[in-house]
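**Q** Provided herewith is a single structure, encoded as structure tokens, for subsequent inquiry.
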Amino acid sequence: MTGAGKEVGLCVTVVSGPGAGQRRRLDSAPVVIGRASVCDVVVPDLCASRRHARIAAGECGWRIEDLGSRHGTFVGGERVRGSRMLYAGDEIAIAGCRIRVAQGAGAGLDARDTEELSRCHPVIAEANTAPTRLARLERDLGLAGHIQRALLLSPPPTLPGLDIAVAYEPAFDVGGDFYDFAVRSGGRLAVAVGDVAGQAVSAALYMARLGSELRRQLTNGAPPAQVIARVNAAMVALGDGHGMFSTLVCGVIDGTARRMVFTNAGHVPPILGRDGKARALDGSRAMCVPVGIMPQAEAGQASEGLAPGDVLVFATDGIVEARGSGGEYGLGRLMEVISATSRGDSASAVVDAILADVRRHQGAIAQTEGPGSSLTGDDITAVAIRLAETGA
């Protein structure tokens with residue numbers, strides 16, 4: 001789109017706060033800013049909404065629109081009401097981030113911005129001035145994605161009385177979703193599913209460290225509350241992660257006793273399907289803040305009785321927040337799909353039904369927005385666990 005008053009060659013750069021170093025050129029496609037990893041500019045801060053604001057080209061120039069955020073979007077210190085024009089030199093404030101609007105790839109950054117960017121993300125700052133290194137970075141990303149999937153996509157364990165299936169689809173070469181299993185004494189299964197707030201490389205690196213600590217805690221026999229508390233302590237001890245954190249749900253399933261205990265650190269709640277009905281498990285006693293935010297986060301724990309033929313589903317927000325022409329997919333629709341599965345369906349059939357329905361929901365908007373749109377791509381993970389009809 002072109003217009004008489006539109007400035008060409010604008011870009012936005014996160015110059016301070018969580019996510020510093022990100023840079024995005026403004027073109028014909030809208031740029032979405034928010035906490036979700038699907039966003040074009042990710043602000044990994046709990047005070048930012050998942051989809052906080054959007055910059056789009058209008059007839060007369062670039063406009064920024066607040067997408068109904070709780071804490072507001074500010075330009076030049078003034079809160080955005082609805083939408084307003086953006087110009088080179090403007091400064092956007094979202095949560096703890098300063099985002100500079102500039103002409104060209106890097107113009108408009110003052111000495112303080114340059115120093116802050118170099119301190120926070122020296123590799124990114126250097127890459128932006130060295131196109132040949134960007135090419136190498138792209139190759140490295142492809143290799144990193146291959147390695148990450150090789151480490152993450154190990155087949156789920158085989159346990160008597162439990163049928164387990166997993167679907168994992170990263171939005172980029174590397175992703176921030178993760179999952180893990182550990183077999184414990186007595187045939188119990190420990191399962192964890194999480195989502196790092198962030199995008200691409202930063203999320204993957206954070207996830208790699210978190211996953212290593214999670215694996216250690218899952219295999220030592222600790223209850224879910226202790227697993228999450230210890231993982232949180234380890235991640236906080238790493239120091240300043242530039243505001244990065246992760247949601248995480250951890251459960252221990254005893255197929256013989258037919259019971260699951262779980263703790264939920266700000267994640268999508270587990271869903272229980274039984275006899276044509278599905279419900280999100282009440283986690284009021286099991287909730288705690290996401291991992292990596294508070295040094296001494298208190299984690300609770302809840303217990304849920306299970307029955308033969310039950311199916312448990314653990315999902316990430318890439319599913320419940322998948323965008324379609326009618327809005328977000330939502331937890332309610334996910335439960336409807338699980339309810340519609342047959343008692344005799346395998347765990348793989350349940351996962352396949354979920355993914356197929358998400359694709360149907362996304363279909364219309366995927367065609368109108370095109371590939372790479374922030375409204376159609378996010379890491380997607382679903383884990384389904386079906387209890388056998390008879391005890392092991």
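Labels for the structure tokens follow display order: chains A, B, ..., residues from 1 in each chain, ligands from 1.
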Do you know which residues are at most 9 Å from Glu298 in chain A counting only C-alpha atoms, after dropping those on the same chain fewer than 6 positions away, and could you put them as a list in words?

**A** Ala225, Ala229, Met287, Cys288 and Val289 of chain A

**Q** So, with only C-alpha atoms as the atoms that count, which of A:Leu387, A:Val101, A:Cys47, A:Cys60 lies closest to Gly76 in chain A?

**A**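 When distances to Gly76 in chain A are compared using only C-alpha atoms, the smallest one comes from A:Val101.
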
**Q** Do you have the CA of Ala233 in chain A-CA of Asp254 in chain A distance handy?

**A**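 Spanning CA of Ala233 in chain A to CA of Asp254 in chain A is a straight-line distance of 26.8 Å.
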
**Q** What lies within 7 Å of range 179-196 of chain A using only C-alpha atoms, ignoring chain neighbours under 3 positions off, as a PyMOL selection string?

**A** chain A and resi 156+159+176+203+207+218-219+221+245-255+314+316

**Q** Could you dump the residues just selected with N, CA, C and O atoms as a CSV table (one decimal), in the first residue's frame?

**A**
```
chain,number,residue,atom,x,y,z
A,156,PRO,N,7.4,-41.6,22.8
A,156,PRO,CA,7.0,-41.7,24.2
A,156,PRO,C,7.2,-43.1,24.7
A,156,PRO,O,7.3,-44.1,24.0
A,159,LEU,N,4.1,-48.2,28.3
A,159,LEU,CA,3.8,-48.6,29.6
A,159,LEU,C,2.5,-49.4,29.6
A,159,LEU,O,1.5,-49.1,28.9
A,176,GLY,N,9.8,-23.0,21.0
A,176,GLY,CA,9.9,-22.8,22.4
A,176,GLY,C,9.0,-23.8,23.2
A,176,GLY,O,9.0,-23.9,24.4
A,203,ALA,N,14.1,-18.5,22.6
A,203,ALA,CA,13.2,-19.4,23.3
A,203,ALA,C,13.8,-20.8,23.3
A,203,ALA,O,13.8,-21.5,24.3
A,207,MET,N,14.8,-22.9,26.5
A,207,MET,CA,14.2,-24.2,26.6
A,207,MET,C,15.2,-25.4,26.8
A,207,MET,O,15.0,-26.3,27.5
A,218,LEU,N,12.5,-34.8,36.8
A,218,LEU,CA,11.4,-35.8,36.5
A,218,LEU,C,11.9,-37.2,36.9
A,218,LEU,O,11.1,-38.1,37.3
A,219,THR,N,13.2,-37.5,36.7
A,219,THR,CA,13.7,-38.9,36.9
A,219,THR,C,14.1,-39.1,38.4
A,219,THR,O,14.4,-40.3,38.7
A,221,GLY,N,12.1,-38.9,41.0
A,221,GLY,CA,11.0,-39.3,41.8
A,221,GLY,C,10.3,-38.3,42.6
A,221,GLY,O,9.3,-38.6,43.4
A,245,PHE,N,10.7,-16.4,30.5
A,245,PHE,CA,10.0,-17.3,31.5
A,245,PHE,C,9.4,-18.4,30.7
A,245,PHE,O,9.3,-18.4,29.5
A,246,SER,N,8.8,-19.4,31.4
A,246,SER,CA,8.1,-20.5,30.8
A,246,SER,C,6.9,-20.9,31.6
A,246,SER,O,7.0,-21.0,32.8
A,247,THR,N,5.8,-21.2,30.9
A,247,THR,CA,4.7,-21.9,31.5
A,247,THR,C,5.0,-23.4,31.5
A,247,THR,O,5.8,-23.9,30.7
A,248,LEU,N,4.5,-24.2,32.5
A,248,LEU,CA,4.8,-25.6,32.6
A,248,LEU,C,3.8,-26.3,33.4
A,248,LEU,O,3.3,-25.8,34.5
A,249,VAL,N,3.3,-27.4,32.9
A,249,VAL,CA,2.4,-28.3,33.7
A,249,VAL,C,3.1,-29.6,33.8
A,249,VAL,O,3.7,-30.2,32.9
A,250,CYS,N,3.1,-30.2,35.1
A,250,CYS,CA,3.7,-31.4,35.3
A,250,CYS,C,2.8,-32.3,36.1
A,250,CYS,O,2.1,-31.9,37.1
A,251,GLY,N,2.7,-33.6,35.6
A,251,GLY,CA,1.8,-34.5,36.3
A,251,GLY,C,2.4,-35.9,36.5
A,251,GLY,O,3.4,-36.2,35.7
A,252,VAL,N,2.0,-36.6,37.5
A,252,VAL,CA,2.4,-38.0,37.6
A,252,VAL,C,1.2,-38.9,37.6
A,252,VAL,O,0.3,-38.7,38.4
A,253,ILE,N,1.1,-39.8,36.7
A,253,ILE,CA,0.0,-40.6,36.4
A,253,ILE,C,0.2,-42.1,36.9
A,253,ILE,O,1.2,-42.7,36.5
A,254,ASP,N,-0.6,-42.5,37.8
A,254,ASP,CA,-0.5,-43.9,38.3
A,254,ASP,C,-1.7,-44.7,37.7
A,254,ASP,O,-2.8,-44.5,38.1
A,255,GLY,N,-1.4,-45.4,36.6
A,255,GLY,CA,-2.4,-46.2,35.9
A,255,GLY,C,-3.1,-47.3,36.7
A,255,GLY,O,-4.2,-47.6,36.5
A,314,PHE,N,-2.8,-32.8,27.2
A,314,PHE,CA,-2.0,-31.7,27.6
A,314,PHE,C,-1.6,-30.9,26.3
A,314,PHE,O,-1.1,-31.5,25.4
A,316,THR,N,-0.5,-26.9,24.4
A,316,THR,CA,0.1,-25.6,24.6
A,316,THR,C,-0.8,-24.5,24.0
A,316,THR,O,-1.7,-24.8,23.3
```

**Q** Can you pull out every residue from range 153-283 of chain A that DSSP, working from the backbone, puts in strand (DSSP E), and format the result as a ChimeraX atom specification?

**A** /A:162-169,177-183,189-196,246-254,259-265,271-274,277-280

**Q** Excluding same-chain residues fewer than 2 positions from Trp62 in chain A, what lies within 6 Å of it counting only C-alpha atoms, as a PyMOL selection string?

**A** chain A and resi 56-58+85-86

**Q** Excluding Leu46 in chain A and its own-chain neighbours fewer than 6 positions away, which residues fall within 12 Å of it when counting only C-alpha atoms? Please give them as a ChimeraX atom specification.

**A** /A:18,34-36,52,69-71,94-97,197-198,243-247,266,289-293

**Q** Pull N, CA and C atoms from the residues just selected and write them as a PDB file, in the first residue's frame.

**A**
```pdb
ATOM      1  N   PRO A  18      12.772  -6.469  28.272  1.00  0.00           N
ATOM      2  CA  PRO A  18      12.712  -7.849  27.797  1.00  0.00           C
ATOM      3  C   PRO A  18      12.587  -7.908  26.278  1.00  0.00           C
ATOM      4  N   GLY A  34       3.537  -8.537  21.088  1.00  0.00           N
ATOM      5  CA  GLY A  34       2.890  -9.117  22.253  1.00  0.00           C
ATOM      6  C   GLY A  34       3.731 -10.180  22.912  1.00  0.00           C
ATOM      7  N   ARG A  35       3.161 -10.823  23.926  1.00  0.00           N
ATOM      8  CA  ARG A  35       3.875 -11.820  24.728  1.00  0.00           C
ATOM      9  C   ARG A  35       3.923 -13.188  24.065  1.00  0.00           C
ATOM     10  N   ALA A  36       2.956 -13.509  23.204  1.00  0.00           N
ATOM     11  CA  ALA A  36       2.902 -14.831  22.587  1.00  0.00           C
ATOM     12  C   ALA A  36       4.066 -15.020  21.618  1.00  0.00           C
ATOM     13  N   HIS A  52      -0.711  -7.761  22.010  1.00  0.00           N
ATOM     14  CA  HIS A  52      -0.832  -6.490  22.702  1.00  0.00           C
ATOM     15  C   HIS A  52      -1.185  -5.337  21.759  1.00  0.00           C
ATOM     16  N   SER A  69      -5.308  -4.415  25.182  1.00  0.00           N
ATOM     17  CA  SER A  69      -4.391  -4.857  26.232  1.00  0.00           C
ATOM     18  C   SER A  69      -4.826  -4.328  27.597  1.00  0.00           C
ATOM     19  N   ARG A  70      -4.433  -5.059  28.621  1.00  0.00           N
ATOM     20  CA  ARG A  70      -4.809  -4.668  29.981  1.00  0.00           C
ATOM     21  C   ARG A  70      -4.022  -3.458  30.474  1.00  0.00           C
ATOM     22  N   HIS A  71      -2.725  -3.402  30.147  1.00  0.00           N
ATOM     23  CA  HIS A  71      -1.864  -2.353  30.699  1.00  0.00           C
ATOM     24  C   HIS A  71      -1.555  -1.234  29.710  1.00  0.00           C
ATOM     25  N   ILE A  94       5.668  -0.608  25.785  1.00  0.00           N
ATOM     26  CA  ILE A  94       4.770  -1.729  26.089  1.00  0.00           C
ATOM     27  C   ILE A  94       5.388  -2.500  27.240  1.00  0.00           C
ATOM     28  N   ALA A  95       4.657  -2.554  28.353  1.00  0.00           N
ATOM     29  CA  ALA A  95       5.183  -3.186  29.565  1.00  0.00           C
ATOM     30  C   ALA A  95       6.544  -2.556  29.877  1.00  0.00           C
ATOM     31  N   GLY A  96       7.599  -3.356  30.023  1.00  0.00           N
ATOM     32  CA  GLY A  96       8.915  -2.798  30.345  1.00  0.00           C
ATOM     33  C   GLY A  96       9.792  -2.563  29.137  1.00  0.00           C
ATOM     34  N   CYS A  97       9.211  -2.558  27.933  1.00  0.00           N
ATOM     35  CA  CYS A  97      10.004  -2.413  26.706  1.00  0.00           C
ATOM     36  C   CYS A  97       9.873  -1.023  26.095  1.00  0.00           C
ATOM     37  N   ALA A 197       8.105 -18.375  26.813  1.00  0.00           N
ATOM     38  CA  ALA A 197       7.659 -17.093  26.264  1.00  0.00           C
ATOM     39  C   ALA A 197       8.825 -16.467  25.534  1.00  0.00           C
ATOM     40  N   GLY A 198       8.741 -16.411  24.247  1.00  0.00           N
ATOM     41  CA  GLY A 198       9.825 -15.903  23.434  1.00  0.00           C
ATOM     42  C   GLY A 198       9.728 -16.482  22.048  1.00  0.00           C
ATOM     43  N   GLY A 243      14.111 -11.214  30.981  1.00  0.00           N
ATOM     44  CA  GLY A 243      12.664 -11.293  31.137  1.00  0.00           C
ATOM     45  C   GLY A 243      12.050 -12.573  30.635  1.00  0.00           C
ATOM     46  N   MET A 244      12.823 -13.576  30.271  1.00  0.00           N
ATOM     47  CA  MET A 244      12.264 -14.813  29.747  1.00  0.00           C
ATOM     48  C   MET A 244      11.714 -15.672  30.868  1.00  0.00           C
ATOM     49  N   PHE A 245      10.665 -16.432  30.550  1.00  0.00           N
ATOM     50  CA  PHE A 245      10.043 -17.341  31.507  1.00  0.00           C
ATOM     51  C   PHE A 245       9.351 -18.441  30.726  1.00  0.00           C
ATOM     52  N   SER A 246       8.799 -19.404  31.433  1.00  0.00           N
ATOM     53  CA  SER A 246       8.110 -20.512  30.777  1.00  0.00           C
ATOM     54  C   SER A 246       6.906 -20.942  31.583  1.00  0.00           C
ATOM     55  N   THR A 247       5.817 -21.240  30.883  1.00  0.00           N
ATOM     56  CA  THR A 247       4.709 -21.926  31.528  1.00  0.00           C
ATOM     57  C   THR A 247       5.032 -23.413  31.515  1.00  0.00           C
ATOM     58  N   GLY A 266       1.123 -21.752  35.403  1.00  0.00           N
ATOM     59  CA  GLY A 266       0.612 -20.790  34.429  1.00  0.00           C
ATOM     60  C   GLY A 266       0.322 -21.340  33.052  1.00  0.00           C
ATOM     61  N   VAL A 289       3.047 -19.426  39.738  1.00  0.00           N
ATOM     62  CA  VAL A 289       3.480 -18.510  38.680  1.00  0.00           C
ATOM     63  C   VAL A 289       4.374 -19.261  37.700  1.00  0.00           C
ATOM     64  N   PRO A 290       4.491 -18.789  36.460  1.00  0.00           N
ATOM     65  CA  PRO A 290       5.372 -19.437  35.493  1.00  0.00           C
ATOM     66  C   PRO A 290       6.812 -19.541  36.000  1.00  0.00           C
ATOM     67  N   VAL A 291       7.533 -20.472  35.439  1.00  0.00           N
ATOM     68  CA  VAL A 291       8.912 -20.756  35.832  1.00  0.00           C
ATOM     69  C   VAL A 291       9.843 -19.629  35.392  1.00  0.00           C
ATOM     70  N   GLY A 292      10.737 -19.224  36.292  1.00  0.00           N
ATOM     71  CA  GLY A 292      11.773 -18.251  35.950  1.00  0.00           C
ATOM     72  C   GLY A 292      11.473 -16.832  36.349  1.00  0.00           C
ATOM     73  N   ILE A 293      10.366 -16.601  37.063  1.00  0.00           N
ATOM     74  CA  ILE A 293       9.974 -15.230  37.409  1.00  0.00           C
ATOM     75  C   ILE A 293      10.317 -14.886  38.855  1.00  0.00           C
TER      76      ILE A 293
END
```

**Q** So, with only C-alpha atoms as the atoms that count, which of A:Ala234, A:Ala340, A:Met335, A:Ala208 lies closest to Asp275 in chain A?

**A**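 Nearest to Asp275 in chain A: A:Ala340.
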
**Q** Have a look at CA of Val227 in chain A and CA of Pro295 in chain A and let me know their distance in Å, one decimal.

**A**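 Spanning CA of Val227 in chain A to CA of Pro295 in chain A is a straight-line distance of 14.6 Å.
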
**Q** Would you please work out which residue, of A:Gln301, A:Arg100, A:Arg81, A:His361, is nearest to Gly327 in chain A when using only C-alpha atoms?

**A**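 Nearest candidate to Gly327 in chain A out of A:Gln301, A:Arg100, A:Arg81, A:His361: A:His361.
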
**Q** One decimal, in Å: what's the spacing between CA of Val12 in chain A and CA of Glu59 in chain A?

**A**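 According to the coordinates, CA of Val12 in chain A and CA of Glu59 in chain A are separated by 19.6 Å.
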